[in-house]
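First comes the structure, then the notes that go with it.
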Amino acid sequence: MTLRICALLTVFLFTSANAAEIQTISGPEGLNNTFGVIVGPDGDIYFCDTGNHAIKKISRKGGKTTTVVGTQKKGYSGDGGPPLEADLFEPYEVRFHSGGDLYWVEMQNHVVRKLDARTNIVSTVAGTGEKGFSGDGEKATAAKLHRPHSIQFDQAGENLFICDIGNHRIRKVELKSGIISTWCGNGEKAATEEGAAISPETPLNGPRALDIAPNGDLWLALREGNKLYRIDMKAKTLHHIAGSGKKGYTAEPTVALEAPLSGPKGVAVSPDGNWVYLADTESHTVRAVDLSADPPMLHSIAGTGKRGDGPDSGDPAACGMARLHGVGTDPINGDVYVGDSETNKIRKITKLPGAIEWKSLSKYRSETFDVNGVKCRVTFPEKAREGNPWIWRCRFYGAFPGLDETLLAAGWHIAWTEVGNLFGGPEAMAKFDVFYDEVQKKYSLSKNPVLEGFSRGGLPALNWSIANPDKVLAVYLDAAVMDIRSWPKKTSPALFPTALKAYGLDESSEDQWKGPLDNLAPLAKAKVPVFIVAGGADKVVPYSENTGILETRYQELGGPLEAIVKACCDHHPHGLYGPANFKIAEKLNNLLK
């Protein structure tokens with residue numbers, strides 16, 4: 001049984017569109033044609049403000065909208081520089097790679113570009129900026145595209161797929177080599193047969209939008225063809241699931257293969273994989289295919305079927321929209337976000353099916369106790385996995401607990417002990433030693449925990465691991481402090497004397513400080529895996545001064561390390577949003593075998 005199945009909990013039942021609710025969360029002031037919209041790895045909502053030639057995001061916490069890429073002037077410039085100095089020309093869709101880099105399509109520039117999270121630098125990934133069709137078998141940056149519209153990655157994150165709509169093809173870029181090829185489509189506006197092979201010989205009539213399902217299959221919407229296909233990524237075949245091929249709209253639930261569509265330009269899959277949502281542009285509606293029905297049924301989820309604007313809250317079926325292009329799903333609760341293009345709004349539809357219900361940390365049984373006056377806590381899974389594995393939260397118990405909750409659902413324990421403002425110094429290490437012995441004796445937990453260091457908790461997590469490599473299964477570091485001369489010295493200077501004192505130093509002797517970045521060899525020699533999550537725009541604990549240095553040095557020493565650096569993300573929020581935690585948890589589970 002996979003961890004994903006273990007972590008999946010209750011799936012909400014869908015009764016009718018009337019059970020759902022809609023609200024406007026951004027716009028129209030200052031926005032100009034909202035297109036592609038997604039939920040990022042930080043949980044914020046990212047979208048294309050296409051008429052303003054910019055990528056923007058809405059903070060999940062405060063609802064503030066900010067620009068993350070683009071000068072908001074039309075053009076094609078900025079490669080090699082920071083994102084807010086780049087000119088774009090009609091970005092249509094935006095995606096995050098699993099490694100944290102941000103990718104987007106500029107339809108009128110005929111290119112795909114990205115923001116490198118580690119360097120904060122913009123570059124072109126595919127396209128020359130000139131319209132056309134060329135370059136198969138060569139570097140993607142030397143190839144011509146024709147009005148690309150949609151992009152998506154495969155499950156492994158090794159390949160980028162581009163809906164090259166003017167060429168009626170899907171192009172594939174192998175990210176490691178940068179080579180582009182035609183993956184599917186022969187350039188003809190002809191019907192795609194059921195079960196057809198993924199091939200440059202197979203026709204695609206208007207490949208407009210792509211998304212990926214939890215099982216790794218891709219979903220493809222054909223605008224001109226008015227059809228929806230599932231692309232079986234194992235069998236490498238295309239399967240017709242919805243759309244009769246005729247243009248039109250029906251509000252009543254209809255057998256999906258018999259229902260007309262009206263120029264779909266966006267597609268998104270629910271977290272459980274049972275629902276596929278379409279931005280049905282010319283009918284001004286959100287349509288949804290229920291894959292759990294036999295045969296699959298097509299529903300109208302939002303919109304009246306006529307051009308309109310609102311009302312901005314209430315019943316989605318009564319909310320008029322205007323040529324929407326973007327649709328994206330929340331990877332946990334199944335909420336659907338809509339780029340309602342010509343009303344210049346981002347709308348959110350809630351109480352929809354397909355959600356993953358997480359059991360929060362607070363709902364698990366915990367025991368608290370003191371060891372020599374030090375506060376300690378252990379949280380227990382409903383059913384412990386063999387060997388009683390545990391993850392040791394070194395600071396901030398309960399903060400951004402996505403990974404902790406995923407592991408609890410898979411039978412792990414969560415443990416924590418208070419080390420205050422000891423900055424991973426000798427006193428903190430002594431307390432850690434006592435705590436480790438206590439949980440072994442009291443709860444018979446595994447002898448090899450995963451050390452979890454959030455922010456300033458990174459120092460004690462890595463220092464103890466370096467001192468005890470034989471006792472550590474892995475290290476997980478999130479926006480973690482690795483050097484007290486980066487933090488707290490630069491951004492919280494009042495704490496710097498306390499940090500020095502924890503190591504028996506003062507400002508006159510601070511040059512003598514040696515931290516975990518200076519002592520990685522024992523951990524690397526023991527081949528202890530290190531997992532890093534960080535914000536590429538972190539100003540409090542800059543990645544380049546902390547875990548970025550760890551990434552380089554540890555790999556040079558031959559230590560196993562994987563890093564996810566989230567483009568556009570600051571110090572908060574920590575962690576990863578939603579099922580992105582599954583991948584890390586699965587890798588930790590695999591270490592137990």
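We name chains A, B, ... following the order of the structure tokens; residues begin at 1 in each chain, and ligands are numbered from 1 as shown.
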As number ranges by chain, list the residues of range 336-526 of chain A assigned to strand (DSSP E) by DSSP on the backbone atoms of this structure.
A: 336-340, 345-350, 366-371, 374-379, 390-393, 413-417, 450-454, 474-478
Applying 7 Å and only C-alpha atoms, which residues near Gly245 in chain A remain after dropping the ones on its own chain fewer than 6 positions away? List them as JSON, numbers by chain.
{"A": [225, 226, 227, 260]}
Excluding range 482-495 of chain A and any residue of its chain fewer than 2 positions from it, enumerate the residues within 12 Å of it, using only C-alpha atoms, and give them as a PyMOL selection string.
chain A and resi 421-425+453-463+477-480+497-503+506-507+510-520+532+538-551+571
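Using only C-alpha atoms, the protein and nucleic acid residues lying no more than 8 Å from range 65-77 of chain A, apart from those fewer than 5 places from it along its own chain, are Ser26, Asn52, His53, Ala54, Ile55, Lys56, Lys57, Ile58, Ser59, Pro83, Leu84, Glu85, Ala86, Asp87, Leu88, Phe89, Glu90, Asn109, Gly129 and Cys568 of chain A.
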Spatial neighbours of range 359-368 of chain A, 8 Å, only C-alpha atoms, chain gap at least 2 places, as a VMD selection string:
chain A and resid 9 357 370 375 to 382 398 401 404 to 405 409
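Using only C-alpha atoms, the smallest distance between any of A:Leu102, A:Val255, A:Val289, A:Ala428 and Arg230 in chain A comes from A:Val289.
One distance worth recording is that between CA of Ile25 in chain A and CA of Gly314 in chain A, which is 13.2 Å.
Using only C-alpha atoms, the smallest distance between any of A:Asn167, A:Ser98, A:Asn33, A:Ser283 and Lys131 in chain A comes from A:Asn167.
Residue neighbourhood of Glu188 in chain A, excluding near-sequence residues (fewer than 5 positions): A:Asn167, A:His168, A:Arg169, A:Thr202, A:Pro203, A:Leu204, A:Asn205, at 9 Å, using only C-alpha atoms.
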Kindly export the residues of the current selection with all heavy atoms, as a short mmCIF file (atom, residue, chain, number, x, y, z; two decimals), in the first residue's frame.
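As written to disk, result_10.cif reads:
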```
data_model
loop_
_atom_site.label_atom_id
_atom_site.label_comp_id
_atom_site.auth_asym_id
_atom_site.auth_seq_id
_atom_site.Cartn_x
_atom_site.Cartn_y
_atom_site.Cartn_z
N ASN A 167 0.72 24.98 -33.76
CA ASN A 167 1.26 23.85 -34.52
C ASN A 167 0.46 22.57 -34.33
O ASN A 167 0.83 21.53 -34.88
CB ASN A 167 2.72 23.61 -34.13
CG ASN A 167 3.64 24.70 -34.64
OD1 ASN A 167 3.52 25.13 -35.78
ND2 ASN A 167 4.55 25.17 -33.78
N HIS A 168 -0.61 22.64 -33.51
CA HIS A 168 -1.45 21.47 -33.22
C HIS A 168 -0.60 20.28 -32.76
O HIS A 168 -0.80 19.13 -33.18
CB HIS A 168 -2.30 21.10 -34.44
CG HIS A 168 -3.28 22.15 -34.80
ND1 HIS A 168 -4.51 22.27 -34.20
CD2 HIS A 168 -3.19 23.19 -35.68
CE1 HIS A 168 -5.16 23.31 -34.69
NE2 HIS A 168 -4.37 23.90 -35.59
N ARG A 169 0.33 20.58 -31.86
CA ARG A 169 1.22 19.55 -31.35
C ARG A 169 1.44 19.76 -29.85
O ARG A 169 1.29 20.87 -29.33
CB ARG A 169 2.59 19.61 -32.05
CG ARG A 169 2.58 19.21 -33.52
CD ARG A 169 3.95 19.47 -34.13
NE ARG A 169 4.10 18.84 -35.44
CZ ARG A 169 3.83 19.45 -36.59
NH1 ARG A 169 3.38 20.70 -36.59
NH2 ARG A 169 4.02 18.81 -37.74
N THR A 202 0.09 11.05 -34.70
CA THR A 202 -1.30 11.13 -34.23
C THR A 202 -1.79 12.58 -34.27
O THR A 202 -1.16 13.46 -33.68
CB THR A 202 -1.40 10.59 -32.79
OG1 THR A 202 -1.03 9.21 -32.79
CG2 THR A 202 -2.81 10.74 -32.25
N PRO A 203 -2.91 12.85 -34.93
CA PRO A 203 -3.40 14.24 -34.99
C PRO A 203 -4.01 14.70 -33.68
O PRO A 203 -4.59 13.91 -32.93
CB PRO A 203 -4.46 14.17 -36.10
CG PRO A 203 -4.95 12.76 -36.07
CD PRO A 203 -3.76 11.92 -35.69
N LEU A 204 -3.89 16.00 -33.42
CA LEU A 204 -4.52 16.65 -32.27
C LEU A 204 -5.15 17.95 -32.77
O LEU A 204 -4.45 18.81 -33.30
CB LEU A 204 -3.50 16.97 -31.17
CG LEU A 204 -2.77 15.81 -30.50
CD1 LEU A 204 -1.69 16.33 -29.56
CD2 LEU A 204 -3.74 14.91 -29.75
N ASN A 205 -6.44 18.09 -32.59
CA ASN A 205 -7.15 19.26 -33.09
C ASN A 205 -7.27 20.31 -31.98
O ASN A 205 -8.21 20.32 -31.21
CB ASN A 205 -8.54 18.85 -33.59
CG ASN A 205 -9.25 20.01 -34.29
OD1 ASN A 205 -8.68 21.07 -34.50
ND2 ASN A 205 -10.51 19.78 -34.64
#
```
I need the residues of range 337-508 of chain A that end up classed as alpha helix (DSSP H) by DSSP on the backbone, written out as a compact mmCIF listing (two decimals) with C-alpha atoms, in the first residue's frame.
```
# COMPACT_ATOMS: atom_id res chain seq x y z
CA GLY A 402 2.18 18.97 7.01
CA LEU A 403 5.03 16.47 7.02
CA ASP A 404 4.40 15.51 10.65
CA GLU A 405 0.72 14.82 9.94
CA THR A 406 1.59 12.78 6.86
CA LEU A 407 4.00 10.64 8.87
CA LEU A 408 1.56 10.24 11.76
CA ALA A 409 -1.00 8.86 9.30
CA PRO A 426 26.70 22.53 23.93
CA GLU A 427 23.86 23.00 26.45
CA ALA A 428 21.26 22.18 23.79
CA MET A 429 23.23 19.09 22.78
CA ALA A 430 23.39 17.88 26.37
CA LYS A 431 19.61 18.23 26.67
CA PHE A 432 19.14 16.38 23.41
CA ASP A 433 21.28 13.49 24.67
CA VAL A 434 19.14 13.16 27.81
CA PHE A 435 15.90 13.39 25.82
CA TYR A 436 17.04 10.76 23.32
CA ASP A 437 17.86 8.31 26.11
CA GLU A 438 14.54 9.03 27.83
CA VAL A 439 12.31 8.30 24.84
CA GLN A 440 14.24 5.11 24.17
CA LYS A 441 13.60 3.96 27.73
CA LYS A 442 10.07 5.32 28.15
CA TYR A 443 8.50 4.60 24.75
CA GLY A 458 18.14 23.73 12.04
CA LEU A 459 21.20 24.36 14.21
CA PRO A 460 20.40 21.80 16.95
CA ALA A 461 19.02 19.31 14.40
CA LEU A 462 22.17 19.25 12.29
CA ASN A 463 24.65 19.63 15.15
CA TRP A 464 23.22 16.62 17.00
CA SER A 465 23.14 14.61 13.77
CA ILE A 466 26.80 15.41 13.10
CA ALA A 467 27.70 14.33 16.62
CA PHE A 496 23.29 37.65 18.30
CA PRO A 497 25.05 38.06 21.69
CA THR A 498 22.83 35.26 23.05
CA ALA A 499 23.78 33.03 20.13
CA LEU A 500 27.48 33.69 20.72
CA LYS A 501 27.12 33.06 24.43
CA ALA A 502 25.56 29.65 23.70
```
Using only C-alpha atoms, which residues sit within 9 Å of Asn589 in chain A once same-chain residues fewer than 3 positions away are excluded, as a VMD selection string?
chain A and resid 3 407 410 584 to 586 592 to 593
Keeping C-alpha atoms for every residue in the selection just given, could you write it to a file as an mmCIF file, in the first residue's frame?
```cif
data_model
loop_
_atom_site.group_PDB
_atom_site.id
_atom_site.type_symbol
_atom_site.label_atom_id
_atom_site.label_comp_id
_atom_site.auth_asym_id
_atom_site.auth_seq_id
_atom_site.Cartn_x
_atom_site.Cartn_y
_atom_site.Cartn_z
ATOM 1 C CA LEU A 3 1.856 6.201 1.443
ATOM 2 C CA LEU A 407 4.004 10.640 8.866
ATOM 3 C CA ALA A 410 1.656 6.366 8.189
ATOM 4 C CA ILE A 584 9.278 13.247 1.180
ATOM 5 C CA ALA A 585 7.364 10.973 3.542
ATOM 6 C CA GLU A 586 7.531 8.108 1.044
ATOM 7 C CA LEU A 592 13.016 1.969 7.027
ATOM 8 C CA LYS A 593 13.040 -1.010 4.691
#
```
